[in-house]
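> Structure below; questions to follow.
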Amino acid sequence: MDQDLKATLSRIAEALDRLAPPAAKSADIDGAEAYVWHAIGHRLEAVPKVNRLPIELLKGVDHQKATLLENTHRFAKGLPANNALLWGSRGSGKSSIVKAVHAHVNRQLGGPPGPLALIEIHREDIPSLPALLSRIREASRRCLVLCDDLSFEREDSDYKALKSILEGGIEGRPDNVLFYATSNRRHLMPRDMIENERSTAINPSEAVEEKVSLSDRFGLWLGFHNADQDTFFAMIEGYANHYKLGVPAETLRKQAVEWSVTRGARSGRVAWQFIQEVAGQLGKKLE
């Protein structure tokens, strides 16, 4: 290659290097309450303020709260605990409970930031989970890894890697890591995918077992369902009292019924959206 051309290309490359922003560094695992895992760059980003509600505001899920709180508290204290799968209807409070329980346990044990780090990994980044575990395996802090809205579609083989990581791999799950996942599906697979395996496989029972066995890697299953009307009212009134909205209960209930009908559901998410609407109309901030 001509020397002048090589020199020109070298100067261009050096100029591009100077223009490119430096690669972001991974956050210190001991410095914050919560983190987001970025598969690109294999780094942790600290979350300055976690989007969550106080645990006492989560109504209609007392059994789920108590069970997950006990499991998480044991893990934070270094005792045996189970991976947990929170499954059920949309907007029923699955991820809200995980974040609220995490904050509650850390406060009980001297936080923030507390002894327990919450690390969120996005569904599409599950293939990079081994890299995340490798990064935090030797950390002195205990880590709760959360994947929200976890599910797998047809021809998706990422679930095999997750199965191995949760229990069956040579290294296994690190002692300082617990994995929580939320999903709309109890077995993390669409029903038609499981039925297709049953109808087309040479050995249907083995094929179905392969697909649904991922959920068996979670020792703790917690189901969530749409709330009945009384529970929905309790959610609404709990929020209204906490934020001092000053609206009579009967007025709130009447408006809440109309709101839930237009949404076609009664859930924690619908209740919170209703409260945001009421607060906005009143000109009040939810702080």
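Labels for the structure tokens follow display order: chains A, B, ..., residues from 1 in each chain, ligands from 1.
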Dump as a Markdown table the rows for residues of stretch 202-269 of chain A within 9 Å of stretch 41-60 of chain A: closest atom pair and distance in Å with one decimal, only C-alpha atoms counted, ordered by chain and rising residue number.

| residue | atom | partner | partner_atom | distance |
| --- | --- | --- | --- | --- |
| A:Ala227 | CA | A:Gly60 | CA | 7.0 |
| A:Asp228 | CA | A:Gly60 | CA | 8.8 |
| A:Thr231 | CA | A:Gly60 | CA | 5.6 |
| A:Phe232 | CA | A:Gly60 | CA | 7.9 |
| A:Ala234 | CA | A:Lys59 | CA | 6.7 |
| A:Met235 | CA | A:Lys59 | CA | 5.5 |
| A:Gly238 | CA | A:Leu57 | CA | 6.3 |
| A:Tyr239 | CA | A:Leu57 | CA | 6.6 |
| A:His242 | CA | A:Leu57 | CA | 8.0 |
| A:Gly268 | CA | A:Leu58 | CA | 7.7 |
> Please list as a PyMOL selection string every residue within 9 Å of A:Phe179, counting only C-alpha atoms and excluding residues in the same chain fewer than 6 positions away.
chain A and resi 82-85+143-147+166+173+218
> Ranking A:Glu138, A:Glu250, A:Asp148, A:Glu124 by minimum distance to A:Tyr180 and counting only C-alpha atoms, which one comes first?
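When distances to A:Tyr180 are compared using only C-alpha atoms, the smallest one comes from A:Asp148.
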> Nearest to A:His102: which of A:Ile126, A:Ile165, A:Ala39, A:Leu68 is it, counting only C-alpha atoms?
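Result for the nearest residue to A:His102: A:Leu68.
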> With only C-alpha atoms as the counted atoms, please give the residues lying no more than 7 Å from A:Val270, apart from itself and same-chain residues fewer than 4 positions off, as a list in words.
Ser260, Arg266 and Phe274 of chain A
> For the residues selected in the previous step, produce a file with N, CA, C and O atoms as a compact mmCIF listing (two decimals), in the first residue's frame.

# COMPACT_ATOMS: atom_id res chain seq x y z
N SER A 260 -62.18 0.93 35.76
CA SER A 260 -61.83 -0.47 35.54
C SER A 260 -62.61 -1.08 34.39
O SER A 260 -62.11 -1.93 33.66
N ARG A 266 -59.28 -5.42 36.60
CA ARG A 266 -59.03 -4.85 37.93
C ARG A 266 -57.69 -5.40 38.39
O ARG A 266 -57.58 -6.59 38.69
N PHE A 274 -55.35 4.74 37.69
CA PHE A 274 -56.51 5.53 38.12
C PHE A 274 -56.11 6.61 39.12
O PHE A 274 -56.53 7.76 39.03
> Write out as a PyMOL selection string the residues lying within 12 Å of A:Ala181, counting only C-alpha atoms and excluding same-chain residues fewer than 2 positions away.
chain A and resi 82-88+94-99+119-123+126+144-151+162+166+178-179+183-188+214-215+217-222
> Which is closest to A:His225 among A:Trp272, A:Pro115, A:Phe75, A:Ser267, if we use only C-alpha atoms?
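Among the listed residues, A:Ser267 lies closest to A:His225.
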> Return as a ChimeraX atom specification the full set of residues in stretch 240-274 of chain A whose backbone-based DSSP assignment is helix (DSSP H, G or I).
/A:240-242,249-263,268-274
> Restrict the selected residues to N, CA, C and O atoms and save them as a CSV table (one decimal), in the first residue's frame.

chain,number,residue,atom,x,y,z
A,240,ALA,N,-55.0,6.5,47.8
A,240,ALA,CA,-55.6,7.8,48.1
A,240,ALA,C,-55.2,8.3,49.5
A,240,ALA,O,-54.9,9.4,49.7
A,241,ASN,N,-55.3,7.4,50.5
A,241,ASN,CA,-55.0,7.8,51.8
A,241,ASN,C,-53.5,8.1,52.0
A,241,ASN,O,-53.1,9.1,52.6
A,242,HIS,N,-52.6,7.3,51.3
A,242,HIS,CA,-51.2,7.5,51.4
A,242,HIS,C,-50.8,8.8,50.9
A,242,HIS,O,-49.9,9.5,51.5
A,249,ALA,N,-64.5,8.3,49.9
A,249,ALA,CA,-64.4,6.9,49.5
A,249,ALA,C,-65.4,6.6,48.5
A,249,ALA,O,-65.2,5.9,47.5
A,250,GLU,N,-66.7,7.0,48.7
A,250,GLU,CA,-67.8,6.6,47.8
A,250,GLU,C,-67.5,7.2,46.4
A,250,GLU,O,-67.8,6.6,45.4
A,251,THR,N,-67.0,8.4,46.4
A,251,THR,CA,-66.7,9.1,45.1
A,251,THR,C,-65.6,8.3,44.4
A,251,THR,O,-65.7,8.0,43.2
A,252,LEU,N,-64.6,7.9,45.1
A,252,LEU,CA,-63.5,7.2,44.6
A,252,LEU,C,-64.0,5.8,44.0
A,252,LEU,O,-63.6,5.5,42.9
A,253,ARG,N,-64.8,5.2,44.8
A,253,ARG,CA,-65.3,3.9,44.3
A,253,ARG,C,-66.1,3.9,43.0
A,253,ARG,O,-65.9,3.1,42.1
A,254,LYS,N,-66.9,4.9,43.0
A,254,LYS,CA,-67.8,5.1,41.8
A,254,LYS,C,-66.9,5.4,40.5
A,254,LYS,O,-67.1,4.7,39.5
A,255,GLN,N,-65.9,6.2,40.7
A,255,GLN,CA,-65.0,6.6,39.6
A,255,GLN,C,-64.1,5.4,39.2
A,255,GLN,O,-63.8,5.1,38.1
A,256,ALA,N,-63.7,4.6,40.3
A,256,ALA,CA,-62.8,3.5,40.1
A,256,ALA,C,-63.5,2.4,39.3
A,256,ALA,O,-62.9,1.7,38.4
A,257,VAL,N,-64.8,2.2,39.5
A,257,VAL,CA,-65.6,1.2,38.8
A,257,VAL,C,-65.6,1.5,37.3
A,257,VAL,O,-65.4,0.7,36.4
A,258,GLU,N,-65.9,2.8,37.0
A,258,GLU,CA,-66.0,3.2,35.7
A,258,GLU,C,-64.6,3.1,35.0
A,258,GLU,O,-64.5,2.7,33.8
A,259,TRP,N,-63.6,3.4,35.7
A,259,TRP,CA,-62.2,3.3,35.2
A,259,TRP,C,-61.9,1.9,34.8
A,259,TRP,O,-61.3,1.6,33.8
A,260,SER,N,-62.2,0.9,35.8
A,260,SER,CA,-61.8,-0.5,35.5
A,260,SER,C,-62.6,-1.1,34.4
A,260,SER,O,-62.1,-1.9,33.7
A,261,VAL,N,-63.9,-0.6,34.2
A,261,VAL,CA,-64.7,-1.1,33.1
A,261,VAL,C,-64.1,-0.7,31.8
A,261,VAL,O,-64.0,-1.5,30.8
A,262,THR,N,-63.6,0.5,31.7
A,262,THR,CA,-63.0,1.0,30.4
A,262,THR,C,-61.7,0.3,30.1
A,262,THR,O,-61.3,0.1,29.0
A,263,ARG,N,-61.0,-0.2,31.2
A,263,ARG,CA,-59.7,-0.9,31.0
A,263,ARG,C,-59.9,-2.4,30.9
A,263,ARG,O,-59.0,-3.1,30.5
A,268,GLY,N,-53.5,-4.2,40.1
A,268,GLY,CA,-52.7,-3.2,40.7
A,268,GLY,C,-52.3,-2.1,39.7
A,268,GLY,O,-52.2,-0.9,40.1
A,269,ARG,N,-51.9,-2.4,38.5
A,269,ARG,CA,-51.5,-1.5,37.5
A,269,ARG,C,-52.7,-0.5,37.2
A,269,ARG,O,-52.5,0.7,37.1
A,270,VAL,N,-53.9,-1.1,37.0
A,270,VAL,CA,-55.1,-0.3,36.7
A,270,VAL,C,-55.4,0.7,37.8
A,270,VAL,O,-55.7,1.8,37.6
A,271,ALA,N,-55.2,0.2,39.1
A,271,ALA,CA,-55.5,1.0,40.2
A,271,ALA,C,-54.5,2.2,40.3
A,271,ALA,O,-54.9,3.3,40.6
A,272,TRP,N,-53.3,1.9,40.0
A,272,TRP,CA,-52.2,3.0,40.1
A,272,TRP,C,-52.5,4.0,38.9
A,272,TRP,O,-52.3,5.2,39.2
A,273,GLN,N,-52.9,3.5,37.7
A,273,GLN,CA,-53.2,4.4,36.7
A,273,GLN,C,-54.4,5.3,37.0
A,273,GLN,O,-54.4,6.5,36.7
A,274,PHE,N,-55.4,4.7,37.7
A,274,PHE,CA,-56.5,5.5,38.1
A,274,PHE,C,-56.1,6.6,39.1
A,274,PHE,O,-56.5,7.8,39.0
> Using only C-alpha atoms, find the one residue out of A:Leu286, A:Ala139, A:Ala265, A:Ala81 that sits nearest to A:Lys244.
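Ranked by minimum distance to A:Lys244, first place goes to A:Leu286.
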> Report, in Å to a single decimal, how far apart atom CA of A:Phe224 and atom CA of A:Glu277 are.
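Here the two named atoms are 24.6 Å from each other.
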